[in-house]
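The block underneath contains the structure these notes are about, expressed in structure tokens.
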Amino acid sequence: MQSLEKISEKIKNIKLAKIPLGEAILILLGLGVSDALIPATTRFVRSPIISGGLVAFLAKMPIVERFLGSTFANVLAATAAATGIEDQIALRGRTHAMVSGLVGRVAPMAGIVAPRATANMGSPAPAPVTTASLGQVDVSEQERRILSSLKGKA
Amino acid sequence: MLNHTYQVSDTLDYTASTTKSIDIPETGYITELMLLLELYVTPSSIVSAAQDALARILDAIKITAAGGKNYYSVEDGRQSLYDAYHQYQGQLLHDPLPSAGGSAATVRMLIPLHFGLDPFDPFDKSIIIPAAELSNLKLEVTWGAASALGTGFPVTAGSSRIRAFVRELTLEKGETREVIWPGGINVPLYESRSIGLTTTASNLGKTDDVPVGSMLHSALVMVVDSSNDRSDANVTEVGTKYPKLALEEYRVNNMYALKAMNRKQFLLPGTLVGQPATWLSDLAGCFKFRFQEITGRAIGMDLSTAMTGDVKLGFTIGVGSGTIFILYKSISLG
């Protein structure tokens, strides 16, 4: 059975101006796999954190790690553990809520969204354009909580 | 997680012009609270029923908890009735008052208070009152006088009351709240406003600052004339205003168009056998505005970082008398 190590190594080594883009891609792949596996496993073990731990343990089993390669096995183990912890205690959500609350106190006036400069590789960044909006771009914390509760954790 | 439905053992007994309250058991996470009004009425030989009589005898309804928590507050029973009327396409128990010289009878009306986004799921967990985590959770009603029903309808106090029915989610042994709501909970925040009309106003000149700090879902608007009856004449145009952005994302300058659009949007009944005559056509002076009309998102408008005055409801006033009642529903973090 061929290992995925060579592919994982190549992805891991992708960098852009010293920014580890490749590792970011591997993390996203790992999170995608975890998001698919953990809800299915939770139906049997009834606890997301145990489910995450189980997937992480399986990823690091020698026979599985030989197939995945040590790079992707580590990524999958870490992201499975993270997803299990998040689904159990919503650590990311709570941190988000706390930081949003702090940011909100120094945020720009409601209804006016701060302009964002965009840049293309190799081109100078265009001058930022000030646009007025109702500030409804991001998913609210309330929406995130509703979507989270609808994932069928019960 | 278990679905639990029960009747609160205490009742809110009728005493004219008095505020009564009952404790709500703190056993679960409440998705829906249904209020069944029962009035024992002995009609006189000459009677004249008021518009919305049964709802009109309720001067206020509140749901509160220790720590200053105020989940639900209306200052006129009609606000609760018509908010539920829009949620349930008008399909609510609502008995007519007995005829002149007829026998005494118990007339009933059901007002469901459904907090979540899906009124047809009784155990909708999107927005709940976390009773199991609260103390001193109370349902409070302020009764009006029997004259609110109209002329010739004395109420027998000993046989008249409100019964409360609760639908809640309860945790099974070993279960935690985080299993059902891993991201956290949302709670309802209903706030009532009344705007007295003393002069006419043009070009959406009469405004009300919408509540800020949370997610604003909807506003139930009810306009009454100087006789306290619902009216189409006093307000002729409705819109939303964003002063800092000089935007008016929503504006309708014909009350009849507004009501007709409202009826098709909420599938409100045109004719309904056995219901009060006022329900046979578009509701006079009453409509529900959902802020998703502006944002395109079912949950409403995110005003968590907004300041008071950033968003306003504006009204053009055609007759300088009466009152505009607004029931704002917000979704807050629990």
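Naming works like this for the structure tokens: A, B, ... for the chains as they're shown, residue 1 at the start of each chain, ligands 1 onward in shown order.
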Give me, as number ranges by chain, the contact residues of chain B against chain A at a cut-off of 8 Å, counting only C-alpha atoms.
B: 1, 125-126, 178-186, 215, 244-245, 295, 299, 301-303, 305-307, 310, 331-333
Export, as a compact mmCIF listing (two decimals), in the first residue's frame, the selected residues with N, CA, C and O atoms.
```
# COMPACT_ATOMS: atom_id res chain seq x y z
N MET B 1 -31.93 14.11 25.53
CA MET B 1 -32.86 15.26 25.49
C MET B 1 -34.28 14.74 25.38
O MET B 1 -34.56 13.86 24.56
N LYS B 125 -35.43 24.52 19.15
CA LYS B 125 -34.42 24.92 20.14
C LYS B 125 -33.59 26.11 19.69
O LYS B 125 -32.56 26.40 20.31
N SER B 126 -34.00 26.81 18.65
CA SER B 126 -33.19 27.92 18.16
C SER B 126 -33.13 29.07 19.17
O SER B 126 -32.10 29.70 19.33
N GLU B 178 -24.32 21.52 26.80
CA GLU B 178 -23.42 21.67 25.66
C GLU B 178 -23.65 20.59 24.60
O GLU B 178 -23.27 20.76 23.45
N VAL B 179 -24.25 19.48 24.98
CA VAL B 179 -24.53 18.43 23.99
C VAL B 179 -25.63 18.89 23.04
O VAL B 179 -25.58 18.63 21.84
N ILE B 180 -26.63 19.59 23.56
CA ILE B 180 -27.75 20.04 22.73
C ILE B 180 -27.41 21.37 22.04
O ILE B 180 -27.77 21.59 20.89
N TRP B 181 -26.73 22.24 22.76
CA TRP B 181 -26.36 23.54 22.21
C TRP B 181 -24.84 23.70 22.31
O TRP B 181 -24.36 24.47 23.16
N PRO B 182 -24.08 23.02 21.49
CA PRO B 182 -22.63 23.06 21.63
C PRO B 182 -22.05 24.45 21.43
O PRO B 182 -21.00 24.77 21.96
N GLY B 183 -22.75 25.29 20.69
CA GLY B 183 -22.23 26.63 20.45
C GLY B 183 -22.73 27.66 21.44
O GLY B 183 -22.32 28.82 21.40
N GLY B 184 -23.63 27.25 22.34
CA GLY B 184 -24.24 28.21 23.24
C GLY B 184 -25.70 28.42 22.88
O GLY B 184 -26.17 27.94 21.85
N ILE B 185 -26.44 29.14 23.73
CA ILE B 185 -27.87 29.31 23.51
C ILE B 185 -28.21 30.74 23.13
O ILE B 185 -27.45 31.67 23.41
N ASN B 186 -29.37 30.87 22.50
CA ASN B 186 -29.96 32.18 22.24
C ASN B 186 -31.23 32.31 23.07
O ASN B 186 -31.96 31.33 23.24
N MET B 215 -29.62 40.78 17.96
CA MET B 215 -30.10 40.50 16.61
C MET B 215 -31.57 40.88 16.57
O MET B 215 -32.35 40.32 17.32
N LYS B 244 -27.32 57.65 9.49
CA LYS B 244 -25.90 57.86 9.21
C LYS B 244 -25.56 57.49 7.78
O LYS B 244 -24.55 57.93 7.24
N LEU B 245 -26.36 56.63 7.18
CA LEU B 245 -26.08 56.19 5.82
C LEU B 245 -27.02 56.84 4.81
O LEU B 245 -26.88 56.60 3.61
N THR B 295 -32.22 42.48 5.17
CA THR B 295 -30.93 41.79 5.15
C THR B 295 -30.93 40.54 4.28
O THR B 295 -29.86 40.08 3.90
N ILE B 299 -32.74 35.22 10.09
CA ILE B 299 -32.60 35.55 11.50
C ILE B 299 -32.85 37.04 11.76
O ILE B 299 -33.17 37.42 12.88
N MET B 301 -31.67 41.24 11.53
CA MET B 301 -30.63 42.25 11.33
C MET B 301 -29.70 42.27 12.55
O MET B 301 -30.16 42.42 13.68
N ASP B 302 -28.41 42.16 12.27
CA ASP B 302 -27.42 42.12 13.36
C ASP B 302 -27.14 43.54 13.82
O ASP B 302 -26.48 44.32 13.13
N LEU B 303 -27.63 43.86 15.01
CA LEU B 303 -27.40 45.19 15.57
C LEU B 303 -26.57 45.10 16.84
O LEU B 303 -26.67 45.95 17.73
N THR B 305 -23.50 45.58 17.40
CA THR B 305 -22.54 46.67 17.61
C THR B 305 -23.13 48.02 17.23
O THR B 305 -22.40 49.00 17.16
N ALA B 306 -24.42 48.06 17.00
CA ALA B 306 -25.06 49.33 16.61
C ALA B 306 -25.33 50.17 17.84
O ALA B 306 -25.35 49.69 18.98
N MET B 307 -25.56 51.46 17.59
CA MET B 307 -25.92 52.37 18.67
C MET B 307 -27.36 52.82 18.49
O MET B 307 -27.89 52.82 17.38
N ASP B 310 -29.21 54.35 15.20
CA ASP B 310 -28.62 53.96 13.92
C ASP B 310 -29.69 53.46 12.96
O ASP B 310 -29.58 53.64 11.75
N ILE B 331 -33.11 38.68 19.30
CA ILE B 331 -32.50 37.41 19.69
C ILE B 331 -31.20 37.76 20.38
O ILE B 331 -30.31 38.37 19.77
N SER B 332 -31.12 37.37 21.66
CA SER B 332 -29.96 37.76 22.44
C SER B 332 -29.14 36.54 22.80
O SER B 332 -29.63 35.40 22.73
N LEU B 333 -27.90 36.75 23.20
CA LEU B 333 -27.04 35.63 23.59
C LEU B 333 -27.35 35.22 25.02
O LEU B 333 -27.46 36.07 25.90
```
Spatial neighbours of Glu133 of chain B, 9 Å, only C-alpha atoms, chain gap at least 3 places, as a ChimeraX atom specification:
/B:26-29,130
Env of Ser218 of chain B: 9 Å cut, atoms = only C-alpha atoms, seq-sep filter 5 positions within chain, self excluded. Answer as a PyMOL selection string.
chain B and resi 288-292+300-301+327-330
Take the residues just selected and output them with N, CA and C atoms as an mmCIF file, in the first residue's frame.
```
data_model
loop_
_atom_site.group_PDB
_atom_site.id
_atom_site.type_symbol
_atom_site.label_atom_id
_atom_site.label_comp_id
_atom_site.auth_asym_id
_atom_site.auth_seq_id
_atom_site.Cartn_x
_atom_site.Cartn_y
_atom_site.Cartn_z
ATOM 1 N N LYS B 288 -46.929 42.752 10.480
ATOM 2 C CA LYS B 288 -45.660 42.321 11.078
ATOM 3 C C LYS B 288 -44.549 42.589 10.080
ATOM 4 N N PHE B 289 -43.493 43.204 10.540
ATOM 5 C CA PHE B 289 -42.356 43.510 9.696
ATOM 6 C C PHE B 289 -41.162 42.683 10.148
ATOM 7 N N ARG B 290 -40.646 41.856 9.246
ATOM 8 C CA ARG B 290 -39.463 41.068 9.568
ATOM 9 C C ARG B 290 -38.250 41.752 8.954
ATOM 10 N N PHE B 291 -37.201 41.888 9.725
ATOM 11 C CA PHE B 291 -36.022 42.599 9.243
ATOM 12 C C PHE B 291 -35.252 41.799 8.199
ATOM 13 N N GLN B 292 -35.649 40.563 7.960
ATOM 14 C CA GLN B 292 -35.040 39.820 6.868
ATOM 15 C C GLN B 292 -35.410 40.429 5.526
ATOM 16 N N GLY B 300 -32.694 37.887 10.771
ATOM 17 C CA GLY B 300 -32.989 39.307 10.969
ATOM 18 C C GLY B 300 -31.789 40.199 10.713
ATOM 19 N N MET B 301 -31.668 41.239 11.527
ATOM 20 C CA MET B 301 -30.632 42.246 11.333
ATOM 21 C C MET B 301 -29.701 42.272 12.547
ATOM 22 N N LEU B 327 -44.138 45.876 18.930
ATOM 23 C CA LEU B 327 -43.542 44.787 19.704
ATOM 24 C C LEU B 327 -42.309 44.321 18.953
ATOM 25 N N TYR B 328 -41.134 44.648 19.478
ATOM 26 C CA TYR B 328 -39.877 44.246 18.863
ATOM 27 C C TYR B 328 -39.458 42.886 19.415
ATOM 28 N N LYS B 329 -39.047 42.004 18.501
ATOM 29 C CA LYS B 329 -38.483 40.717 18.938
ATOM 30 C C LYS B 329 -37.007 40.714 18.575
ATOM 31 N N SER B 330 -36.158 40.574 19.587
ATOM 32 C CA SER B 330 -34.723 40.459 19.367
ATOM 33 C C SER B 330 -34.253 39.094 19.835
#
```
Please provide as a PyMOL selection string all residues within 9 Å of Lys259 of chain B, with the sequence filter that same-chain residues fewer than 2 positions apart are discarded (counting only C-alpha atoms).
chain B and resi 254-257+261-264+282-287
Shell around segment 222-234 of chain B at 6 Å using only C-alpha atoms, local window under 4 positions removed, as JSON, numbers by chain
{"B": [284, 285, 286, 317, 318, 319, 321, 322, 323, 324, 325]}
Can you pull out every residue within 9 Å of Asp208 of chain B, counting only C-alpha atoms, but drop anything in the same chain fewer than 3 positions away, and send it as a PyMOL selection string?
chain B and resi 193+195+309+311-315
Shell of 10 Å around Ala24 of chain A, only C-alpha atoms, local chain residues under 3 positions omitted, as a count of residues only
11
As a PyMOL selection string, please: every residue in segment 69-268 of chain B that DSSP puts in alpha helix (DSSP H).
chain B and resi 77-87+177-180+255-266
Output for the residues just chosen: C-alpha atoms as a JSON list (two decimals), in the first residue's frame:
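Saved result, result07.json, follows:
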```
[["chain", "number", "residue", "atom", "x", "y", "z"],
["B", 77, "GLY", "CA", -52.71, 41.80, 25.10],
["B", 78, "ARG", "CA", -53.45, 42.45, 21.45],
["B", 79, "GLN", "CA", -49.73, 42.63, 20.75],
["B", 80, "SER", "CA", -49.31, 39.04, 21.91],
["B", 81, "LEU", "CA", -52.43, 37.90, 20.10],
["B", 82, "TYR", "CA", -51.49, 39.38, 16.75],
["B", 83, "ASP", "CA", -47.88, 38.33, 16.94],
["B", 84, "ALA", "CA", -49.12, 34.76, 17.36],
["B", 85, "TYR", "CA", -51.79, 35.37, 14.70],
["B", 86, "HIS", "CA", -49.03, 36.02, 12.18],
["B", 87, "GLN", "CA", -47.01, 33.03, 13.29],
["B", 177, "ARG", "CA", -26.49, 21.61, 27.92],
["B", 178, "GLU", "CA", -23.42, 21.67, 25.66],
["B", 179, "VAL", "CA", -24.53, 18.43, 23.99],
["B", 180, "ILE", "CA", -27.75, 20.04, 22.73],
["B", 255, "MET", "CA", -51.44, 51.00, 4.18],
["B", 256, "TYR", "CA", -53.71, 48.72, 2.14],
["B", 257, "ALA", "CA", -50.81, 47.48, 0.03],
["B", 258, "LEU", "CA", -48.83, 46.91, 3.20],
["B", 259, "LYS", "CA", -51.61, 44.86, 4.73],
["B", 260, "ALA", "CA", -52.22, 42.87, 1.54],
["B", 261, "MET", "CA", -48.50, 42.08, 1.24],
["B", 262, "ASN", "CA", -48.46, 41.15, 4.91],
["B", 263, "ARG", "CA", -51.40, 38.78, 4.44],
["B", 264, "LYS", "CA", -49.86, 36.94, 1.51],
["B", 265, "GLN", "CA", -46.49, 36.74, 3.24],
["B", 266, "PHE", "CA", -47.91, 35.19, 6.39]]
```
May I have all residues of segment 20-62 of chain B that DSSP, computed from the backbone, assigns to strand (DSSP E or B), given as a list in words?
Lys20, Ser21, Ile22, Asp23, Tyr29, Ile30, Thr31, Glu32, Leu33, Met34, Leu35, Leu36, Leu37, Glu38, Leu39, Tyr40, Val41, Ser48, Ala49, Leu58, Asp59, Ala60, Ile61 and Lys62 of chain B
